[in-house]
$ cat upload_28.pdb   # PDB, C-alpha atoms
ATOM      1  CA  MET A  20     100.845  96.764  98.553
ATOM      2  CA  ALA A  21     102.721  93.708  97.267
ATOM      3  CA  VAL A  22     102.228  90.315  98.878
ATOM      4  CA  PRO A  23     104.687  89.994 101.786
ATOM      5  CA  GLN A  24     107.555  87.621 101.065
ATOM      6  CA  ASN A  25     109.282  87.664 104.454
ATOM      7  CA  LYS A  26     108.799  88.432 108.145
ATOM      8  CA  ASP A  27     109.646  92.149 107.864
ATOM      9  CA  GLU A  28     107.256  92.682 104.940
ATOM     10  CA  LEU A  29     104.507  90.771 106.774
ATOM     11  CA  LEU A  30     104.883  92.908 109.889
ATOM     12  CA  LYS A  31     104.897  96.081 107.784
ATOM     13  CA  ALA A  32     101.750  95.035 105.886
ATOM     14  CA  ILE A  33      99.875  94.123 109.051
ATOM     15  CA  ASN A  34     100.919  97.270 110.906
ATOM     16  CA  GLU A  35     100.152  99.638 108.024
ATOM     17  CA  ASN A  36      96.833  98.090 107.036
ATOM     18  CA  PHE A  37      95.620  97.672 110.605
ATOM     19  CA  GLY A  38      96.675 101.165 111.630
ATOM     20  CA  LYS A  39      94.625 102.758 108.858
ATOM     21  CA  LEU A  40      91.658 100.441 109.401
ATOM     22  CA  ILE A  41      91.364 100.858 113.166
ATOM     23  CA  LYS A  42      91.520 104.645 112.784
ATOM     24  CA  ASP A  43      88.568 104.512 110.370
ATOM     25  CA  LEU A  44      86.630 102.044 112.539
ATOM     26  CA  ARG A  45      87.062 104.307 115.564
ATOM     27  CA  ALA A  46      85.838 107.318 113.534
ATOM     28  CA  ILE A  47      82.407 105.797 112.870
ATOM     29  CA  PRO A  48      79.710 107.436 115.035
ATOM     30  CA  LEU A  49      78.316 104.928 117.544
ATOM     31  CA  ALA A  50      74.791 105.870 116.479
ATOM     32  CA  ILE A  51      75.257 104.130 113.113
ATOM     33  CA  VAL A  52      77.585 101.164 113.817
ATOM     34  CA  ASP A  53      74.659  98.712 114.019
ATOM     35  CA  GLU A  54      72.878  99.784 110.817
ATOM     36  CA  CYS A  55      72.910  96.954 108.276
ATOM     37  CA  SER A  56      73.874  99.059 105.274
ATOM     38  CA  LEU A  57      77.179  97.507 104.165
ATOM     39  CA  GLU A  58      77.337  94.644 101.676
ATOM     40  CA  GLY A  59      77.763  91.441 103.689
ATOM     41  CA  HIS A  60      80.370  88.720 103.375
ATOM     42  CA  ALA A  61      77.801  86.179 102.175
ATOM     43  CA  LYS A  62      76.247  86.831  98.774
ATOM     44  CA  GLY A  63      73.016  88.787  98.953
ATOM     45  CA  THR A  64      73.417  89.805 102.607
ATOM     46  CA  MET A  65      73.884  93.104 104.370
ATOM     47  CA  MET A  66      75.942  93.770 107.468
ATOM     48  CA  SER A  67      76.713  96.542 109.907
ATOM     49  CA  VAL A  68      80.052  98.157 110.704
ATOM     50  CA  ALA A  69      79.888  96.241 113.999
ATOM     51  CA  ASN A  70      79.509  93.016 111.975
ATOM     52  CA  LEU A  71      82.576  93.991 109.941
ATOM     53  CA  ALA A  72      84.555  94.458 113.156
ATOM     54  CA  ALA A  73      83.233  91.101 114.441
ATOM     55  CA  TYR A  74      84.315  89.428 111.194
ATOM     56  CA  LEU A  75      87.837  90.814 111.529
ATOM     57  CA  LEU A  76      87.998  89.840 115.192
ATOM     58  CA  GLY A  77      86.760  86.348 114.334
ATOM     59  CA  TRP A  78      89.538  85.859 111.798
ATOM     60  CA  ASN A  79      92.210  87.306 114.083
ATOM     61  CA  GLU A  80      91.170  85.026 116.934
ATOM     62  CA  LEU A  81      91.033  82.095 114.515
ATOM     63  CA  VAL A  82      94.630  82.787 113.385
ATOM     64  CA  LEU A  83      95.650  82.848 117.053
ATOM     65  CA  LYS A  84      93.844  79.539 117.608
ATOM     66  CA  TRP A  85      95.796  78.024 114.709
ATOM     67  CA  LEU A  86      99.082  79.273 116.136
ATOM     68  CA  ASP A  87      98.217  78.055 119.658
ATOM     69  CA  ARG A  88      97.266  74.596 118.357
ATOM     70  CA  TYR A  89     100.433  74.449 116.271
ATOM     71  CA  ALA A  90     102.584  75.403 119.270
ATOM     72  CA  ALA A  91     100.870  72.703 121.338
ATOM     73  CA  GLY A  92     101.483  70.095 118.606
ATOM     74  CA  GLU A  93      97.734  69.692 118.087
ATOM     75  CA  PRO A  94      96.059  69.282 114.703
ATOM     76  CA  ILE A  95      94.577  72.390 113.101
ATOM     77  CA  ASP A  96      91.176  72.163 111.475
ATOM     78  CA  PHE A  97      91.504  74.776 108.705
ATOM     79  CA  PRO A  98      89.748  77.097 108.382
ATOM     80  CA  GLU A  99      87.600  76.258 111.449
ATOM     81  CA  SER A 100      85.954  73.167 112.872
ATOM     82  CA  GLY A 101      82.752  72.476 110.943
ATOM     83  CA  PHE A 102      83.666  74.778 108.039
ATOM     84  CA  LYS A 103      85.335  74.322 104.680
ATOM     85  CA  TRP A 104      87.113  77.030 102.683
ATOM     86  CA  ASN A 105      84.119  77.254 100.326
ATOM     87  CA  GLU A 106      81.845  78.106 103.292
ATOM     88  CA  LEU A 107      83.425  81.387 104.350
ATOM     89  CA  GLY A 108      80.140  83.283 104.033
ATOM     90  CA  ARG A 109      78.632  80.925 106.603
ATOM     91  CA  LEU A 110      81.715  81.373 108.796
ATOM     92  CA  ALA A 111      81.297  85.160 108.562
ATOM     93  CA  GLN A 112      77.706  84.766 109.785
ATOM     94  CA  LYS A 113      79.026  82.724 112.720
ATOM     95  CA  PHE A 114      81.488  85.498 113.607
ATOM     96  CA  TYR A 115      78.664  88.067 113.547
ATOM     97  CA  ARG A 116      76.681  85.916 116.009
ATOM     98  CA  ASP A 117      79.702  85.094 118.189
ATOM     99  CA  TYR A 118      80.346  88.745 118.964
ATOM    100  CA  GLU A 119      76.878  90.319 118.737
ATOM    101  CA  ALA A 120      76.574  90.773 122.525
ATOM    102  CA  ILE A 121      79.840  92.745 122.720
ATOM    103  CA  SER A 122      79.693  96.530 122.467
ATOM    104  CA  TYR A 123      81.305  98.150 119.452
ATOM    105  CA  SER A 124      84.037  99.799 121.523
ATOM    106  CA  GLN A 125      84.792  96.467 123.222
ATOM    107  CA  LEU A 126      84.918  94.764 119.801
ATOM    108  CA  LEU A 127      87.516  97.276 118.643
ATOM    109  CA  ASP A 128      89.519  96.935 121.869
ATOM    110  CA  ARG A 129      89.487  93.162 121.498
ATOM    111  CA  LEU A 130      90.467  93.454 117.829
ATOM    112  CA  GLU A 131      93.449  95.617 118.812
ATOM    113  CA  THR A 132      94.440  93.082 121.474
ATOM    114  CA  ALA A 133      94.241  90.200 118.977
ATOM    115  CA  ASN A 134      96.256  92.198 116.451
ATOM    116  CA  ARG A 135      98.977  92.918 119.028
ATOM    117  CA  ARG A 136      99.132  89.237 119.918
ATOM    118  CA  ILE A 137      99.455  88.245 116.245
ATOM    119  CA  ILE A 138     102.312  90.723 115.864
ATOM    120  CA  ALA A 139     103.997  89.262 118.959
ATOM    121  CA  GLU A 140     103.574  85.739 117.526
ATOM    122  CA  ILE A 141     105.211  86.828 114.265
ATOM    123  CA  GLU A 142     108.018  88.661 116.053
ATOM    124  CA  ALA A 143     108.739  85.528 118.111
ATOM    125  CA  ARG A 144     109.366  83.515 114.946
ATOM    126  CA  ASN A 145     112.182  83.674 112.457
ATOM    127  CA  ASN A 146     111.817  84.050 108.728
ATOM    128  CA  ASP A 147     112.423  80.303 108.248
ATOM    129  CA  ASP A 148     109.419  79.453 110.443
ATOM    130  CA  LEU A 149     107.233  81.940 108.610
ATOM    131  CA  TYR A 150     108.286  81.664 104.976
ATOM    132  CA  GLU A 151     110.734  78.855 104.305
ATOM    133  CA  ARG A 152     108.658  75.764 105.025
ATOM    134  CA  PRO A 153     105.155  74.637 104.159
ATOM    135  CA  TRP A 154     102.598  74.831 106.960
ATOM    136  CA  TYR A 155      99.212  74.155 105.385
ATOM    137  CA  GLU A 156      98.552  71.488 102.751
ATOM    138  CA  GLY A 157     102.277  71.203 102.038
ATOM    139  CA  LYS A 158     102.070  74.402 100.030
ATOM    140  CA  TRP A 159     101.158  77.471 102.081
ATOM    141  CA  THR A 160     103.642  78.909 104.537
ATOM    142  CA  MET A 161     102.675  80.107 107.991
ATOM    143  CA  GLY A 162     103.449  83.682 106.969
ATOM    144  CA  ARG A 163     101.215  83.446 103.929
ATOM    145  CA  MET A 164      98.334  81.948 105.941
ATOM    146  CA  ILE A 165      98.670  84.725 108.524
ATOM    147  CA  GLN A 166      98.737  87.350 105.759
ATOM    148  CA  PHE A 167      95.672  85.854 104.009
ATOM    149  CA  ASN A 168      93.708  86.297 107.213
ATOM    150  CA  THR A 169      95.069  89.566 108.634
ATOM    151  CA  SER A 170      96.649  92.202 106.401
ATOM    152  CA  SER A 171      94.626  91.266 103.298
ATOM    153  CA  PRO A 172      91.240  91.362 105.084
ATOM    154  CA  TYR A 173      92.279  94.606 106.810
ATOM    155  CA  ALA A 174      92.901  96.229 103.438
ATOM    156  CA  ASN A 175      89.682  94.809 101.981
ATOM    157  CA  ALA A 176      87.637  95.917 105.002
ATOM    158  CA  ARG A 177      89.109  99.404 104.874
ATOM    159  CA  GLY A 178      88.218  99.711 101.181
ATOM    160  CA  ARG A 179      84.613  98.668 101.906
ATOM    161  CA  LEU A 180      84.438 100.956 104.903
ATOM    162  CA  ARG A 181      85.862 103.994 103.095
ATOM    163  CA  LYS A 182      83.385 103.519 100.228
ATOM    164  CA  TRP A 183      80.532 103.235 102.754
ATOM    165  CA  MET A 184      81.761 106.275 104.719
ATOM    166  CA  LYS A 185      81.956 108.384 101.555
ATOM    167  CA  ALA A 186      78.453 107.342 100.467
ATOM    168  CA  ARG A 187      77.126 108.152 103.961
ATOM    169  CA  GLY A 188      79.030 111.403 104.290
ATOM    170  CA  VAL A 189      80.838 110.157 107.399
TER     171      VAL A 189
END

$ encode --input "upload_28.pdb" --output "structure tokens"
Amino acid sequence: MAVPQNKDELLKAINENFGKLIKDLRAIPLAIVDECSLEGHAKGTMMSVANLAAYLLGWNELVLKWLDRYAAGEPIDFPESGFKWNELGRLAQKFYRDYEAISYSQLLDRLETANRRIIAEIEARNNDDLYERPWYEGKWTMGRMIQFNTSSPYANARGRLRKWMKARGV
């Protein structure tokens, strides 16, 4: 799918990629969601399907935090307080820990809730807000930053998951 260039394309990309991903995540047998047999987000690490869901939830909730801070006129510490863009593997590990006490089904429910809220946030904005003015570092638009951290990771996660499912015969 091409990189979204406007509000409608962004909504379509998020809806399509998330719809396919959540269906696959829900199809994984609960007996194997905690097995660390997927390549992790940090080099040389392994993760579970539950970790993958936690990673996606972490990013979705982080996007919502950015949007909430922006709406409140507060500064945004991209990507997250205490992390730089070249430390995303470490941030992934934080997301795994942040959500490790939550059941897999609750993780997926919370991921769906975060996704719905992101869609509502996009729908509440016009194309100018999303794509016609810089938002981060005077270069990246709000729409592009949302896309980088929602529809793109959804597609990437689904590709990883489908490969893992095929190898496991799931």

$ residues_around --input "upload_28.pdb" --residues "stretch 44-56 of chain A" --least-positions-apart "5" --cutoff "7 Å" --atoms "only C-alpha atoms" --output "JSON, numbers by chain"
{"A": [65, 66, 67, 68, 69]}

$ closest_residue --input "upload_28.pdb" --among "A:Tyr115, A:Tyr150, A:Trp159, A:Phe37" --to "A:Ala61" --atoms "all atoms listed in the file"
A:Tyr115

$ atom_distance --input "upload_28.pdb" --atom1 "atom CA of A:Arg177" --atom2 "atom CA of A:Asn36"
8.1 Å

$ closest_residue --input "upload_28.pdb" --among "A:Leu75, A:Ala111, A:Ala174, A:Val189" --to "A:Ala21" --atoms "all atoms listed in the file"
A:Ala174

$ resolve_selection --input "upload_28.pdb" --expression "the PyMOL selection byres ((chain A and resi 22) around 10)" --output "PyMOL selection string"
chain A and resi 20-21+23-25+28-29+32+163+166-167+170-171

$ axis_aligned_box --input "upload_28.pdb" --around "stretch 170-186 of chain A" --padding-each-side "8 Å" --output "lines of an AutoDock Vina configuration file"
center_x = 87.6
center_y = 99.8
center_z = 103.5
size_x = 34.2
size_y = 33.1
size_z = 22.6

$ residues_around --input "upload_28.pdb" --residues "stretch 84-96 of chain A" --least-positions-apart "3" --cutoff "10 Å" --atoms "all atoms listed in the file" --output "PyMOL selection string"
chain A and resi 78-81+99-103+137+140-141+154-155+161+164-165

$ residues_around --input "upload_28.pdb" --residues "stretch 142-145 of chain A" --least-positions-apart "2" --cutoff "10 Å" --atoms "all atoms listed in the file" --output "VMD selection string"
chain A and resid 25 to 27 30 136 to 140 147 to 151 162

$ atom_distance --input "upload_28.pdb" --atom1 "atom CA of A:Leu107" --atom2 "atom CA of A:Thr169"
14.9 Å

$ atom_distance --input "upload_28.pdb" --atom1 "atom CA of A:Ala176" --atom2 "atom CA of A:Leu40"
7.5 Å

$ resolve_selection --input "upload_28.pdb" --expression "the PyMOL selection byres ((chain A and resi 119) around 12)" --output "VMD selection string"
chain A and resid 52 to 53 66 to 74 76 to 77 112 to 118 120 to 123 125 to 126

$ closest_residue --input "upload_28.pdb" --among "A:Asn146, A:Ala186, A:Arg152, A:Leu110" --to "A:Gly59" --atoms "only C-alpha atoms"
A:Leu110

$ closest_residue --input "upload_28.pdb" --among "A:Lys158, A:Lys62, A:Arg187, A:Arg181" --to "A:Lys42" --atoms "all atoms listed in the file"
A:Arg181

$ closest_residue --input "upload_28.pdb" --among "A:Ala133, A:Leu127, A:Leu57, A:Val82" --to "A:Met184" --atoms "all atoms listed in the file"
A:Leu57

$ build_atoms --input "upload_28.pdb" --residues "stretch 25-46 of chain A" --atoms "N, CA, C and O atoms" --output "PDB file, keeping the file's coordinate frame"
ATOM      1  N   ASN A  25     108.445  87.993 103.310  1.00  0.00           N
ATOM      2  CA  ASN A  25     109.282  87.664 104.454  1.00  0.00           C
ATOM      3  C   ASN A  25     108.684  88.282 105.719  1.00  0.00           C
ATOM      4  O   ASN A  25     107.691  89.021 105.647  1.00  0.00           O
ATOM      5  N   LYS A  26     109.290  87.981 106.845  1.00  0.00           N
ATOM      6  CA  LYS A  26     108.799  88.432 108.145  1.00  0.00           C
ATOM      7  C   LYS A  26     108.659  89.950 108.217  1.00  0.00           C
ATOM      8  O   LYS A  26     107.622  90.464 108.662  1.00  0.00           O
ATOM      9  N   ASP A  27     109.687  90.685 107.786  1.00  0.00           N
ATOM     10  CA  ASP A  27     109.646  92.149 107.864  1.00  0.00           C
ATOM     11  C   ASP A  27     108.512  92.728 107.022  1.00  0.00           C
ATOM     12  O   ASP A  27     107.801  93.638 107.457  1.00  0.00           O
ATOM     13  N   GLU A  28     108.330  92.202 105.817  1.00  0.00           N
ATOM     14  CA  GLU A  28     107.256  92.682 104.940  1.00  0.00           C
ATOM     15  C   GLU A  28     105.887  92.348 105.524  1.00  0.00           C
ATOM     16  O   GLU A  28     104.941  93.137 105.404  1.00  0.00           O
ATOM     17  N   LEU A  29     105.774  91.171 106.150  1.00  0.00           N
ATOM     18  CA  LEU A  29     104.507  90.771 106.774  1.00  0.00           C
ATOM     19  C   LEU A  29     104.154  91.719 107.918  1.00  0.00           C
ATOM     20  O   LEU A  29     103.029  92.207 108.005  1.00  0.00           O
ATOM     21  N   LEU A  30     105.115  91.990 108.774  1.00  0.00           N
ATOM     22  CA  LEU A  30     104.883  92.908 109.889  1.00  0.00           C
ATOM     23  C   LEU A  30     104.505  94.300 109.382  1.00  0.00           C
ATOM     24  O   LEU A  30     103.586  94.933 109.907  1.00  0.00           O
ATOM     25  N   LYS A  31     105.191  94.757 108.347  1.00  0.00           N
ATOM     26  CA  LYS A  31     104.897  96.081 107.784  1.00  0.00           C
ATOM     27  C   LYS A  31     103.473  96.112 107.223  1.00  0.00           C
ATOM     28  O   LYS A  31     102.728  97.074 107.469  1.00  0.00           O
ATOM     29  N   ALA A  32     103.093  95.082 106.478  1.00  0.00           N
ATOM     30  CA  ALA A  32     101.750  95.035 105.886  1.00  0.00           C
ATOM     31  C   ALA A  32     100.671  95.012 106.965  1.00  0.00           C
ATOM     32  O   ALA A  32      99.674  95.749 106.878  1.00  0.00           O
ATOM     33  N   ILE A  33     100.866  94.200 107.979  1.00  0.00           N
ATOM     34  CA  ILE A  33      99.875  94.123 109.051  1.00  0.00           C
ATOM     35  C   ILE A  33      99.785  95.455 109.783  1.00  0.00           C
ATOM     36  O   ILE A  33      98.686  95.983 110.000  1.00  0.00           O
ATOM     37  N   ASN A  34     100.922  96.007 110.161  1.00  0.00           N
ATOM     38  CA  ASN A  34     100.919  97.270 110.906  1.00  0.00           C
ATOM     39  C   ASN A  34     100.300  98.414 110.103  1.00  0.00           C
ATOM     40  O   ASN A  34      99.480  99.176 110.637  1.00  0.00           O
ATOM     41  N   GLU A  35     100.685  98.544 108.843  1.00  0.00           N
ATOM     42  CA  GLU A  35     100.152  99.638 108.024  1.00  0.00           C
ATOM     43  C   GLU A  35      98.654  99.481 107.779  1.00  0.00           C
ATOM     44  O   GLU A  35      97.883 100.427 107.962  1.00  0.00           O
ATOM     45  N   ASN A  36      98.243  98.294 107.355  1.00  0.00           N
ATOM     46  CA  ASN A  36      96.833  98.090 107.036  1.00  0.00           C
ATOM     47  C   ASN A  36      95.950  98.185 108.280  1.00  0.00           C
ATOM     48  O   ASN A  36      94.879  98.774 108.239  1.00  0.00           O
ATOM     49  N   PHE A  37      96.417  97.619 109.385  1.00  0.00           N
ATOM     50  CA  PHE A  37      95.620  97.672 110.605  1.00  0.00           C
ATOM     51  C   PHE A  37      95.557  99.101 111.149  1.00  0.00           C
ATOM     52  O   PHE A  37      94.486  99.544 111.597  1.00  0.00           O
ATOM     53  N   GLY A  38      96.659  99.801 111.120  1.00  0.00           N
ATOM     54  CA  GLY A  38      96.675 101.165 111.630  1.00  0.00           C
ATOM     55  C   GLY A  38      95.660 102.060 110.936  1.00  0.00           C
ATOM     56  O   GLY A  38      94.938 102.828 111.588  1.00  0.00           O
ATOM     57  N   LYS A  39      95.588 101.961 109.622  1.00  0.00           N
ATOM     58  CA  LYS A  39      94.625 102.758 108.858  1.00  0.00           C
ATOM     59  C   LYS A  39      93.197 102.301 109.143  1.00  0.00           C
ATOM     60  O   LYS A  39      92.287 103.131 109.317  1.00  0.00           O
ATOM     61  N   LEU A  40      92.994 100.994 109.186  1.00  0.00           N
ATOM     62  CA  LEU A  40      91.658 100.441 109.401  1.00  0.00           C
ATOM     63  C   LEU A  40      91.103 100.809 110.772  1.00  0.00           C
ATOM     64  O   LEU A  40      89.967 101.263 110.881  1.00  0.00           O
ATOM     65  N   ILE A  41      91.879 100.617 111.820  1.00  0.00           N
ATOM     66  CA  ILE A  41      91.364 100.858 113.166  1.00  0.00           C
ATOM     67  C   ILE A  41      91.038 102.339 113.352  1.00  0.00           C
ATOM     68  O   ILE A  41      90.056 102.690 114.029  1.00  0.00           O
ATOM     69  N   LYS A  42      91.810 103.206 112.717  1.00  0.00           N
ATOM     70  CA  LYS A  42      91.520 104.645 112.784  1.00  0.00           C
ATOM     71  C   LYS A  42      90.148 104.927 112.168  1.00  0.00           C
ATOM     72  O   LYS A  42      89.339 105.668 112.730  1.00  0.00           O
ATOM     73  N   ASP A  43      89.872 104.325 111.021  1.00  0.00           N
ATOM     74  CA  ASP A  43      88.568 104.512 110.370  1.00  0.00           C
ATOM     75  C   ASP A  43      87.446 103.894 111.198  1.00  0.00           C
ATOM     76  O   ASP A  43      86.376 104.496 111.345  1.00  0.00           O
ATOM     77  N   LEU A  44      87.667 102.691 111.723  1.00  0.00           N
ATOM     78  CA  LEU A  44      86.630 102.044 112.539  1.00  0.00           C
ATOM     79  C   LEU A  44      86.287 102.892 113.763  1.00  0.00           C
ATOM     80  O   LEU A  44      85.122 103.008 114.137  1.00  0.00           O
ATOM     81  N   ARG A  45      87.288 103.479 114.370  1.00  0.00           N
ATOM     82  CA  ARG A  45      87.062 104.307 115.564  1.00  0.00           C
ATOM     83  C   ARG A  45      86.390 105.644 115.216  1.00  0.00           C
ATOM     84  O   ARG A  45      85.824 106.278 116.093  1.00  0.00           O
ATOM     85  N   ALA A  46      86.445 106.056 113.953  1.00  0.00           N
ATOM     86  CA  ALA A  46      85.838 107.318 113.534  1.00  0.00           C
ATOM     87  C   ALA A  46      84.339 107.198 113.243  1.00  0.00           C
ATOM     88  O   ALA A  46      83.662 108.218 113.087  1.00  0.00           O
TER      89      ALA A  46
END
